[in-house]
$ cat run.txt   # compact mmCIF, C-alpha atoms
# COMPACT_ATOMS: atom_id res chain seq x y z
CA MET M 50 13.89 21.85 10.29
CA VAL M 51 14.87 21.68 13.96
CA ALA M 52 11.46 20.29 14.83
CA MET M 53 11.79 17.64 12.17
CA ALA M 54 15.25 16.62 13.35
CA GLY M 55 13.82 16.39 16.86
CA LYS M 56 11.04 14.12 15.69
CA ILE M 57 13.43 11.87 13.84
CA THR M 58 15.77 11.70 16.81
CA ALA M 59 12.80 10.72 18.92
CA MET M 60 12.05 7.91 16.50
CA SER M 61 15.48 6.43 17.15
CA ASP M 62 14.15 5.49 20.61
CA ALA M 63 11.77 3.09 18.89
CA PRO M 64 12.70 -0.59 18.86
CA PRO M 65 15.46 -1.30 16.33
CA ALA M 66 14.39 -2.33 12.89
CA GLN M 67 14.19 -6.04 12.40
CA THR M 68 16.62 -7.54 9.94
CA PRO M 69 14.84 -7.55 6.61
CA ARG M 70 13.81 -11.05 5.69
CA SER M 71 15.07 -12.40 2.44
CA GLY M 72 12.03 -13.09 0.32
CA ARG M 73 10.67 -12.78 -3.12
CA PRO M 74 11.08 -9.50 -4.93
CA LEU M 75 8.27 -7.01 -5.37
CA SER M 76 6.19 -7.18 -8.50
CA ARG M 77 6.22 -4.32 -10.98
CA ARG M 78 2.95 -3.06 -9.53
CA GLY M 79 4.35 -3.34 -6.00
CA ILE M 80 7.35 -1.17 -6.92
CA GLU M 81 5.04 1.36 -8.58
CA ARG M 82 2.80 1.60 -5.49
CA LEU M 83 5.74 1.84 -3.10
CA ASP M 84 7.36 4.67 -5.03
CA LEU M 85 4.02 6.47 -5.46
CA MET M 86 3.44 6.37 -1.69
CA LEU M 87 6.95 7.75 -1.11
CA LEU M 88 6.06 10.49 -3.60
CA CYS M 89 2.85 11.18 -1.63
CA ALA M 90 4.99 11.57 1.50
CA GLU M 91 7.06 14.16 -0.37
CA ALA M 92 3.88 15.94 -1.45
CA LEU M 93 2.69 16.06 2.16
CA ASP M 94 6.03 17.18 3.56
CA LEU M 95 8.22 19.59 1.62
CA ASN M 96 11.27 18.14 3.37
CA GLY M 97 10.14 14.58 2.67
CA GLY M 98 13.12 13.79 0.43
CA GLU M 99 15.60 14.84 3.12
CA ALA M 100 13.58 13.02 5.77
CA MET M 101 13.97 9.78 3.81
CA VAL M 102 17.77 10.08 3.91
CA TRP M 103 17.74 10.84 7.66
CA LEU M 104 15.36 7.98 8.34
CA SER M 105 17.55 5.60 6.37
CA GLU M 106 20.39 6.48 8.76
CA GLU M 107 18.22 6.46 11.88
CA LEU M 108 16.73 3.07 11.07
CA GLY M 109 20.17 1.57 10.42
CA MET M 110 19.63 1.07 6.69
CA THR M 111 22.94 2.54 5.59
CA ASP M 112 24.31 -0.85 4.54
CA VAL M 113 21.49 -1.16 1.99
CA LEU M 114 20.95 2.53 1.19
CA PRO M 115 24.29 4.20 2.02
CA ASN M 116 23.51 7.63 0.58
CA ARG M 117 20.88 9.73 -1.17
CA VAL M 118 22.10 8.72 -4.62
CA GLU M 119 21.58 5.03 -3.86
CA LEU M 120 18.19 5.81 -2.35
CA TRP M 121 17.27 7.71 -5.49
CA LYS M 122 18.51 4.90 -7.73
CA ARG M 123 16.38 2.34 -5.88
CA ARG M 124 13.33 4.54 -6.25
CA CYS M 125 14.04 4.80 -9.98
CA SER M 126 13.30 1.06 -10.28
CA ASN M 127 9.73 2.27 -10.70
CA PRO M 128 8.90 1.76 -14.39
CA LEU M 129 6.57 4.78 -14.31
CA ARG M 130 9.50 7.14 -13.80
CA ARG M 131 10.84 9.35 -16.54
CA ALA M 132 14.38 8.09 -15.85
CA THR M 133 13.68 4.49 -14.95
CA ARG M 134 16.37 1.89 -14.23
CA ARG M 135 16.15 -1.64 -15.51
CA SER M 136 17.94 -3.23 -12.55
CA ALA M 137 15.60 -5.19 -10.27
CA LEU M 138 14.92 -4.02 -6.72
CA GLN M 139 16.41 -6.60 -4.34
CA PRO M 140 14.17 -7.82 -1.47
CA ALA M 141 16.44 -6.22 1.19
CA GLU M 142 16.33 -2.90 -0.69
CA ALA M 143 12.55 -3.11 -0.99
CA ASP M 144 12.27 -3.85 2.75
CA ALA M 145 14.44 -0.84 3.53
CA LEU M 146 12.21 1.42 1.40
CA ILE M 147 9.09 -0.03 3.05
CA ARG M 148 10.55 0.66 6.51
CA ILE M 149 11.30 4.25 5.50
CA LEU M 150 7.76 4.63 4.17
CA THR M 151 6.14 3.24 7.33
CA ALA M 152 8.30 5.55 9.47
CA LEU M 153 7.28 8.50 7.29
CA SER M 154 3.62 7.46 7.53
CA GLU M 155 3.94 7.33 11.30
CA ARG M 156 5.37 10.83 11.32
CA LEU M 157 2.78 12.16 8.90
CA TYR M 158 -0.15 10.29 10.51
CA PRO M 159 -1.90 13.43 11.82
CA MET M 160 -1.93 14.85 8.28
CA LEU M 161 -3.07 11.54 6.77
CA ARG M 162 -5.82 11.33 9.36
CA SER M 163 -7.04 14.85 8.73
CA LEU M 164 -7.31 14.09 5.00
CA LEU M 165 -9.30 10.91 5.64
CA SER M 166 -11.55 12.15 8.42
CA SER M 167 -15.19 12.94 7.68
CA ALA M 168 -15.49 14.83 10.97
CA GLU M 169 -13.54 17.82 9.64
CA PRO M 170 -15.45 20.68 7.94
CA PRO M 171 -15.84 19.74 4.24
CA ALA M 172 -14.45 23.05 3.00
CA ILE M 173 -11.22 22.62 4.96
CA THR M 174 -10.88 18.99 3.89
CA ALA M 175 -11.39 20.00 0.24
CA GLN M 176 -8.73 22.69 0.62
CA ARG M 177 -6.25 20.18 2.10
CA TRP M 178 -6.90 17.70 -0.69
CA ALA M 179 -6.48 20.41 -3.34
CA LEU M 180 -3.13 21.45 -1.86
CA PHE M 181 -1.94 17.84 -1.63
CA ARG M 182 -3.05 17.03 -5.17
CA SER M 183 -1.42 20.13 -6.63
CA ARG M 184 1.91 19.19 -5.00
CA LEU M 185 1.61 15.59 -6.10
CA GLU M 186 0.78 16.62 -9.67
CA GLU M 187 3.80 18.89 -9.70
CA LEU M 188 6.06 16.03 -8.60
CA LEU M 189 4.47 13.63 -11.08
CA ARG M 190 4.95 16.04 -14.00
CA GLU M 191 8.56 16.65 -12.95
CA ARG M 192 9.67 13.05 -12.44
CA PHE M 193 7.26 10.64 -14.08
CA ASN M 194 6.64 9.51 -17.64
CA LEU M 195 3.40 11.25 -18.53
CA ARG M 196 2.73 8.85 -21.39
CA ARG M 197 2.14 5.96 -18.99
CA GLY M 198 -1.52 5.11 -18.41
CA ALA M 199 -1.09 4.80 -14.63
CA VAL M 200 0.36 8.32 -14.44
CA GLN M 201 -2.36 9.71 -16.68
CA ARG M 202 -5.01 8.13 -14.44
CA LEU M 203 -3.45 9.79 -11.37
CA LEU M 204 -3.53 13.14 -13.15
CA ASP M 205 -7.05 12.60 -14.45
CA PRO M 206 -9.46 15.03 -12.73
CA GLU M 207 -12.15 12.33 -12.45
CA GLU M 208 -10.16 9.19 -11.62
CA GLY M 209 -7.21 10.87 -9.87
CA PRO M 210 -8.88 11.94 -6.59
CA GLN M 211 -10.05 8.40 -5.78
CA LEU M 212 -6.60 6.94 -6.58
CA CYS M 213 -4.94 9.58 -4.40
CA ARG M 214 -7.33 8.76 -1.57
CA GLU M 215 -6.43 5.06 -1.85
CA LEU M 216 -2.73 5.94 -1.60
CA ILE M 217 -3.32 8.11 1.48
CA GLN M 218 -5.50 5.42 3.06
CA ALA M 219 -2.79 2.82 2.39
CA MET M 220 -0.23 5.08 4.07
CA ALA M 221 -2.49 5.53 7.12
CA LEU M 222 -2.96 1.76 7.45
CA SER M 223 0.81 1.26 7.05
CA SER M 224 1.67 3.46 10.00
CA GLY M 225 2.03 2.09 13.50
CA PRO M 226 3.82 -0.97 14.83
CA GLY M 227 2.07 -3.52 12.56
CA GLY M 228 2.25 -1.37 9.45
CA PHE M 229 5.44 -2.80 7.99
CA GLU M 230 4.21 -6.40 7.78
CA ARG M 231 0.82 -5.31 6.44
CA LEU M 232 2.24 -3.05 3.74
CA ARG M 233 4.90 -5.57 2.74
CA ALA M 234 2.28 -8.29 2.28
CA SER M 235 0.16 -5.90 0.23
CA LEU M 236 3.05 -4.95 -2.05
CA LEU M 237 3.75 -8.65 -2.63
CA ASP M 238 0.22 -9.32 -3.92
CA ALA M 239 0.05 -11.54 -6.97
CA ALA M 240 0.02 -9.59 -10.22
CA ARG M 241 -3.48 -9.10 -11.59
CA MET U 72 -1.92 -7.35 41.45
CA LYS U 73 -4.22 -5.94 38.81
CA LEU U 74 -2.54 -4.49 35.72
CA SER U 75 -3.92 -2.17 33.08
CA THR U 76 -2.51 -1.00 29.75
CA ARG U 77 -3.96 1.82 27.70
CA TYR U 78 -3.71 2.56 23.95
CA GLU U 79 -5.02 5.82 22.56
CA GLN U 80 -5.49 7.45 19.22
CA THR U 81 -7.57 10.49 18.31
CA SER U 82 -10.91 8.68 18.10
CA CYS U 83 -10.21 5.40 19.83
CA ARG U 84 -9.14 4.27 23.27
CA LEU U 85 -8.50 0.67 24.27
CA VAL U 86 -7.84 -0.33 27.86
CA LEU U 87 -6.71 -3.86 28.61
CA GLU U 88 -7.02 -5.18 32.13
CA GLY U 89 -5.53 -8.31 33.57
CA LEU U 90 -3.12 -9.99 35.91
CA PRO U 91 0.45 -11.21 35.69
CA ASP U 92 0.74 -14.90 34.96
CA LEU U 93 3.35 -15.82 37.56
CA SER U 94 2.87 -19.56 36.89
CA ALA U 95 4.13 -19.02 33.34
CA GLY U 96 7.26 -17.31 34.63
CA HIS U 97 6.20 -13.80 33.59
CA GLY U 98 7.33 -10.79 35.58
CA SER U 99 4.96 -9.02 37.95
CA ASP U 100 4.67 -6.06 35.54
CA SER U 101 3.80 -8.25 32.56
CA LEU U 102 0.11 -8.73 31.76
CA GLY U 103 -0.34 -12.45 31.16
CA ILE U 104 -4.02 -13.07 31.95
CA VAL U 105 -6.70 -10.86 30.41
CA THR U 106 -9.67 -10.20 32.67
CA GLY U 107 -11.37 -7.74 30.36
CA PHE U 108 -11.04 -4.78 28.04
CA THR U 109 -12.89 -1.60 27.24
CA MET U 110 -13.08 0.17 23.91
CA ALA U 111 -14.21 3.76 23.58
CA LEU U 112 -14.82 5.17 20.12
CA ALA U 113 -15.40 8.90 19.87
CA GLY U 114 -19.06 9.83 20.10
CA ARG U 115 -20.18 6.28 20.94
CA GLN U 116 -20.87 4.46 24.15
CA GLU U 117 -17.98 2.64 25.80
CA LEU U 118 -17.91 -1.09 25.14
CA GLU U 119 -16.70 -3.82 27.40
CA GLY U 120 -15.69 -7.37 26.67
CA LYS U 121 -13.57 -10.34 27.54
CA ARG U 122 -10.52 -11.84 25.91
CA GLU U 123 -12.55 -13.78 23.32
CA HIS U 124 -14.30 -10.57 22.23
CA LEU U 125 -10.97 -8.80 21.86
CA GLU U 126 -9.59 -11.70 19.83
CA ALA U 127 -12.72 -11.71 17.66
CA LEU U 128 -12.29 -7.97 17.09
CA MET U 129 -8.67 -8.43 16.04
CA ALA U 130 -9.56 -11.44 13.88
CA VAL U 131 -11.85 -9.35 11.67
CA VAL U 132 -10.49 -5.79 11.82
CA LEU U 133 -6.85 -6.59 11.06
CA PRO U 134 -7.54 -8.80 7.97
CA TYR U 135 -10.08 -6.19 6.82
CA ALA U 136 -7.40 -3.50 7.03
CA ARG U 137 -4.97 -5.81 5.24
CA HIS U 138 -7.39 -6.27 2.32
CA LEU U 139 -8.25 -2.57 2.28
CA LEU U 140 -4.56 -1.80 1.91
CA SER U 141 -4.65 -3.75 -1.35
CA GLY U 142 -7.80 -1.93 -2.45
CA GLN U 143 -9.91 -5.06 -1.86
CA ALA U 144 -12.55 -4.07 0.68
CA ARG U 145 -14.67 -7.07 1.66
CA ALA U 146 -16.69 -8.27 4.64
CA PHE U 147 -15.11 -10.24 7.49
CA GLY U 148 -16.89 -12.08 10.27
CA ALA U 149 -19.42 -14.88 9.81
CA ALA U 150 -22.95 -14.71 11.21
CA ASP U 151 -22.02 -16.85 14.22
CA GLN U 152 -19.02 -14.70 15.18
CA PRO U 153 -19.32 -11.95 17.81
CA VAL U 154 -17.77 -9.27 15.57
CA ALA U 155 -18.11 -8.50 11.87
CA ILE U 156 -16.95 -5.66 9.65
CA ALA U 157 -17.95 -4.77 6.12
CA PRO U 158 -17.63 -1.83 3.73
CA LEU U 159 -20.82 0.24 3.52
CA GLN U 160 -21.26 3.33 1.33
CA GLY U 161 -17.70 4.58 1.67
CA MET U 162 -17.64 3.81 5.41
CA HIS U 163 -16.82 0.72 7.44
CA GLN U 164 -19.63 -0.91 9.41
CA LEU U 165 -18.47 -2.63 12.57
CA GLU U 166 -21.12 -4.96 13.97
CA LEU U 167 -20.86 -6.21 17.54
CA ARG U 168 -23.18 -9.07 18.38
CA SER U 169 -24.11 -9.76 21.94
CA SER U 170 -24.15 -13.29 23.34
CA GLN U 171 -27.28 -12.33 25.28
CA PRO U 172 -30.48 -13.54 23.59
CA ASP U 173 -32.87 -10.93 22.18
CA THR U 174 -30.19 -8.27 22.17
CA PRO U 175 -29.89 -6.60 18.78
CA PRO U 176 -26.37 -6.19 17.36
CA LEU U 177 -24.67 -2.85 17.79
CA GLN U 178 -23.71 -1.30 14.46
CA LEU U 179 -21.02 1.38 14.33
CA GLN U 180 -20.16 3.34 11.19
CA LEU U 181 -16.47 4.21 11.07
CA ASP U 182 -14.87 6.52 8.54
CA ASP U 183 -11.39 5.88 7.13
CA ALA U 184 -9.67 7.89 9.87
CA GLU U 185 -11.55 6.13 12.68
CA LEU U 186 -10.74 2.73 11.17
CA ALA U 187 -7.05 3.66 10.95
CA ASP U 188 -7.14 4.75 14.62
CA LEU U 189 -8.72 1.45 15.66
CA VAL U 190 -6.16 -0.56 13.64
CA ARG U 191 -3.29 1.36 15.22
CA CYS U 192 -4.68 0.77 18.72
CA LEU U 193 -5.07 -2.97 18.04
CA ASP U 194 -1.53 -3.14 16.62
CA GLN U 195 -0.12 -1.33 19.66
CA LEU U 196 -1.96 -3.69 21.98
CA ARG U 197 -0.96 -6.98 20.34
CA LEU U 198 2.68 -5.91 19.87
CA ASP U 199 3.08 -4.37 23.31
CA PRO U 200 6.03 -6.06 25.08
CA ARG U 201 4.23 -5.53 28.42
CA VAL U 202 1.42 -7.81 27.25
CA ALA U 203 2.45 -11.47 27.33
CA VAL U 204 -0.85 -12.83 26.03
CA PRO U 205 -0.48 -14.85 22.81
CA PHE U 206 -3.31 -13.37 20.71
CA VAL U 207 -4.12 -15.57 17.74
CA VAL U 208 -3.94 -13.22 14.77
CA PRO U 209 -2.97 -14.47 11.31
CA GLU U 210 0.18 -12.97 9.80
CA PRO U 211 -0.58 -10.64 6.88
CA GLN U 212 -0.14 -12.54 3.63
CA PRO U 213 0.02 -11.40 0.00
CA LEU U 214 -3.31 -11.82 -1.77
CA ARG U 215 -3.56 -14.47 -4.44
CA ARG U 216 -4.81 -13.54 -7.86
CA ARG U 217 -8.26 -15.05 -7.28
CA GLU U 218 -8.64 -13.05 -4.04
CA GLN U 219 -8.31 -9.81 -5.94
CA ARG U 220 -11.31 -8.25 -7.57
CA ARG U 221 -10.57 -6.99 -11.03
CA ARG U 222 -10.66 -3.22 -10.93
CA ARG U 223 -10.68 -2.59 -14.65
CA PRO U 224 -13.11 -4.40 -16.96
CA ARG U 225 -11.52 -7.25 -18.91
CA ARG U 226 -12.49 -5.54 -22.19
CA GLU U 227 -10.45 -2.48 -21.21
CA THR U 228 -7.49 -4.55 -20.04
CA LEU U 229 -7.37 -6.59 -23.24
CA ALA U 230 -7.88 -3.61 -25.59
CA ALA U 231 -4.19 -2.68 -25.92
CA PRO U 232 -2.76 -6.18 -26.55
CA LEU U 233 -5.59 -6.98 -28.98
CA ALA U 234 -4.97 -3.75 -30.88
CA GLY U 235 -1.28 -4.70 -31.12
CA VAL U 236 -2.04 -8.18 -32.47
CA LEU U 237 -4.54 -6.72 -34.94
CA ALA U 238 -1.99 -4.17 -36.19
CA LEU U 239 0.55 -6.96 -36.68
CA VAL U 240 -1.94 -9.07 -38.67
CA ILE U 241 -2.88 -6.13 -40.90
CA ALA U 242 0.80 -5.30 -41.51
CA ALA U 243 1.52 -8.93 -42.38
CA ALA U 244 -1.46 -9.07 -44.78
CA LEU U 245 -0.39 -5.86 -46.53
CA THR U 246 3.17 -7.15 -46.87
CA ALA U 247 1.84 -10.35 -48.43
CA LEU U 248 0.02 -8.28 -51.12
CA ILE U 249 3.25 -6.74 -52.44
CA PRO U 250 4.28 -8.71 -55.55
CA PRO U 251 7.57 -10.50 -55.05
CA THR U 252 10.54 -9.29 -57.07
CA PRO U 253 11.75 -11.96 -59.56
CA ARG U 254 14.63 -13.95 -58.20
CA SER U 255 17.78 -13.66 -60.26
CA GLY U 256 18.95 -17.18 -61.34
CA PRO U 257 21.76 -18.09 -63.81
CA GLY U 258 19.38 -18.19 -66.85
CA ALA U 259 17.79 -14.96 -65.84
CA THR U 260 21.21 -13.35 -65.66
CA ALA U 261 22.04 -14.37 -69.22
CA THR U 262 18.74 -13.08 -70.52
CA THR U 263 19.22 -9.86 -68.71
CA LYS U 264 22.69 -9.47 -70.01
CA ALA U 265 21.47 -10.19 -73.54
CA ALA U 266 18.67 -7.77 -73.11
CA VAL U 267 20.94 -5.00 -72.00
CA ARG U 268 23.57 -5.69 -74.61
CA PRO U 269 23.63 -2.64 -76.87
CA ALA U 270 22.32 -3.22 -80.32
CA ALA U 271 24.76 -3.00 -83.20
CA PRO U 272 24.90 0.45 -84.60
CA PRO U 273 23.09 0.84 -87.92
CA ARG U 274 25.32 0.80 -90.92
$ encode --input "run.txt" --output "structure tokens"
Amino acid sequence: MVAMAGKITAMSDAPPAQTPRSGRPLSRRGIERLDLMLLCAEALDLNGGEAMVWLSEELGMTDVLPNRVELWKRRCSNPLRRATRRSALQPAEADALIRILTALSERLYPMLRSLLSSAEPPAITAQRWALFRSRLEELLRERFNLRRGAVQRLLDPEEGPQLCRELIQAMALSSGPGGFERLRASLLDAAR
Amino acid sequence: MKLSTRYEQTSCRLVLEGLPDLSAGHGSDSLGIVTGFTMALAGRQELEGKREHLEALMAVVLPYARHLLSGQARAFGAADQPVAIAPLQGMHQLELRSSQPDTPPLQLQLDDAELADLVRCLDQLRLDPRVAVPFVVPEPQPLRRREQRRRRPRRETLAAPLAGVLALVIAAALTALIPPTPRSGPGATATTKAAVRPAAPPR
């Protein structure tokens, strides 16, 4: 806990977050992907939920996400959730969540990298993936609507591993100084 | 005064060398003119290049990463460009073409982690406030519908809505088969009333 607080304090030395640009809102698929990546961060870090609240304060997002309840409510805009909310996610709220996700990805980058690397011994990599997937499945079963096709595909033993890898790869490419703009553009992709 | 900036990740190291551009009003600690760069990828030989090579590297690797983020891996870099990148059997093939004649292109296979390291190094370099060189890199943009490859076959995507329409048609057809109940008009009411009037008791 102390180490984590130290890391987050260190992140406050980073350049201040840019003012979120007003733009078009995220598509339904964009909201789903954003929330799933935040869920992956929670699966990778047991204190991920708390870290999101701290990061929201550290990054100066308290005007958009003043407390954990508001953060939770914004995440529940994901239609795949068990307790989903019908209210649309405003562009400034989406930007705040994307900033939190990119900061989490930066913090978790060594773990993301170790999952993606082919240089690691295969047995250890398989063990890491199994641990990550078991945590993610637990969170999905607890919070998500298991009747939705997208959730069933994530839990599917054949299709799920590839989808999880894509989420982890997206998180790795969203970390770093250019990650916010890249991820934001990706989440704003036209609906297929 | 020669300046040098260094960007490192686990498997990638980029070193940018240059000079301050005092004529442009930059400070003496700001790198404004690029004289060269070196890129070292783990387990491979160190590569050297000039500003145009670095720009060509950014021009293909960053859009490639942008598309990969949307799950749309595709090749970047035309045949006449010094750098190209393309997905290859679950890896990413970076091809560096020399301007020297009769020199075969150098092909490097990067895994997902190595690609992420390279992208992070390039991001750090182009967004470094100490570097005052305006690198021409397109802003990441959302992909249009036609730029996205369909991941699920059309048959599978259309199955659910078609099943819904079919169910509606069948329900409508079955409803149409139910004989309509006779409408009760004024004449029909009289007849009914007459019909239900109790017969006179037998005497």
$ residues_around --input "run.txt" --residues "segment 129-144 of chain M" --least-positions-apart "5" --cutoff "6 Å" --atoms "all atoms listed in the file" --output "ChimeraX atom specification"
/M:69,72,74,192-194
$ residues_around --input "run.txt" --residues "segment 171-179 of chain U" --least-positions-apart "5" --cutoff "12 Å" --atoms "all atoms listed in the file" --output "number ranges by chain"
U: 111-118, 150-159, 162-166, 185-186
$ closest_atom_pairs --input "run.txt" --of "chain U" --to "chain M" --cutoff "8 Å" --atoms "all atoms listed in the file" --output "Markdown table"
| residue | atom | partner | partner_atom | distance |
| --- | --- | --- | --- | --- |
| U:Ala136 | CA | M:Leu222 | CA | 6.9 |
| U:Arg137 | CA | M:Arg231 | CA | 5.9 |
| U:His138 | CA | M:Ser235 | CA | 7.8 |
| U:Leu139 | CA | M:Ala219 | CA | 7.7 |
| U:Leu140 | CA | M:Ala219 | CA | 5.0 |
| U:Ser141 | CA | M:Ser235 | CA | 5.5 |
| U:Gly142 | CA | M:Glu215 | CA | 7.1 |
| U:Asp182 | CA | M:Ser167 | CA | 6.5 |
| U:Asp183 | CA | M:Leu165 | CA | 5.6 |
| U:Ala184 | CA | M:Ser166 | CA | 4.9 |
| U:Glu185 | CA | M:Ser166 | CA | 7.4 |
| U:Ala187 | CA | M:Leu222 | CA | 5.7 |
| U:Val190 | CA | M:Leu222 | CA | 7.3 |
| U:Arg191 | CA | M:Gly225 | CA | 5.6 |
| U:Asp194 | CA | M:Gly227 | CA | 5.4 |
| U:Gln195 | CA | M:Pro226 | CA | 6.2 |
| U:Leu198 | CA | M:Pro226 | CA | 7.1 |
| U:Glu210 | CA | M:Glu230 | CA | 8.0 |
| U:Pro211 | CA | M:Arg231 | CA | 5.5 |
| U:Gln212 | CA | M:Ala234 | CA | 5.1 |
| U:Pro213 | CA | M:Asp238 | CA | 4.4 |
| U:Leu214 | CA | M:Asp238 | CA | 4.8 |
| U:Arg215 | CA | M:Ala239 | CA | 5.3 |
| U:Arg216 | CA | M:Ala239 | CA | 5.3 |
| U:Gln219 | CA | M:Arg241 | CA | 7.5 |
| U:Arg221 | CA | M:Arg241 | CA | 7.4 |
$ atom_distance --input "run.txt" --atom1 "atom CA of Pro200 of chain U" --atom2 "atom CA of Ser105 of chain M"
24.9 Å
$ atom_distance --input "run.txt" --atom1 "atom CA of Ala199 of chain M" --atom2 "atom CA of Thr228 of chain U"
12.6 Å
$ atom_distance --input "run.txt" --atom1 "atom CA of Ser94 of chain U" --atom2 "atom CA of Lys73 of chain U"
15.5 Å
$ closest_residue --input "run.txt" --among "M:Asn127, M:Lys122, M:Leu203, M:Gly109" --to "Arg190 of chain M" --atoms "all atoms listed in the file"
M:Leu203
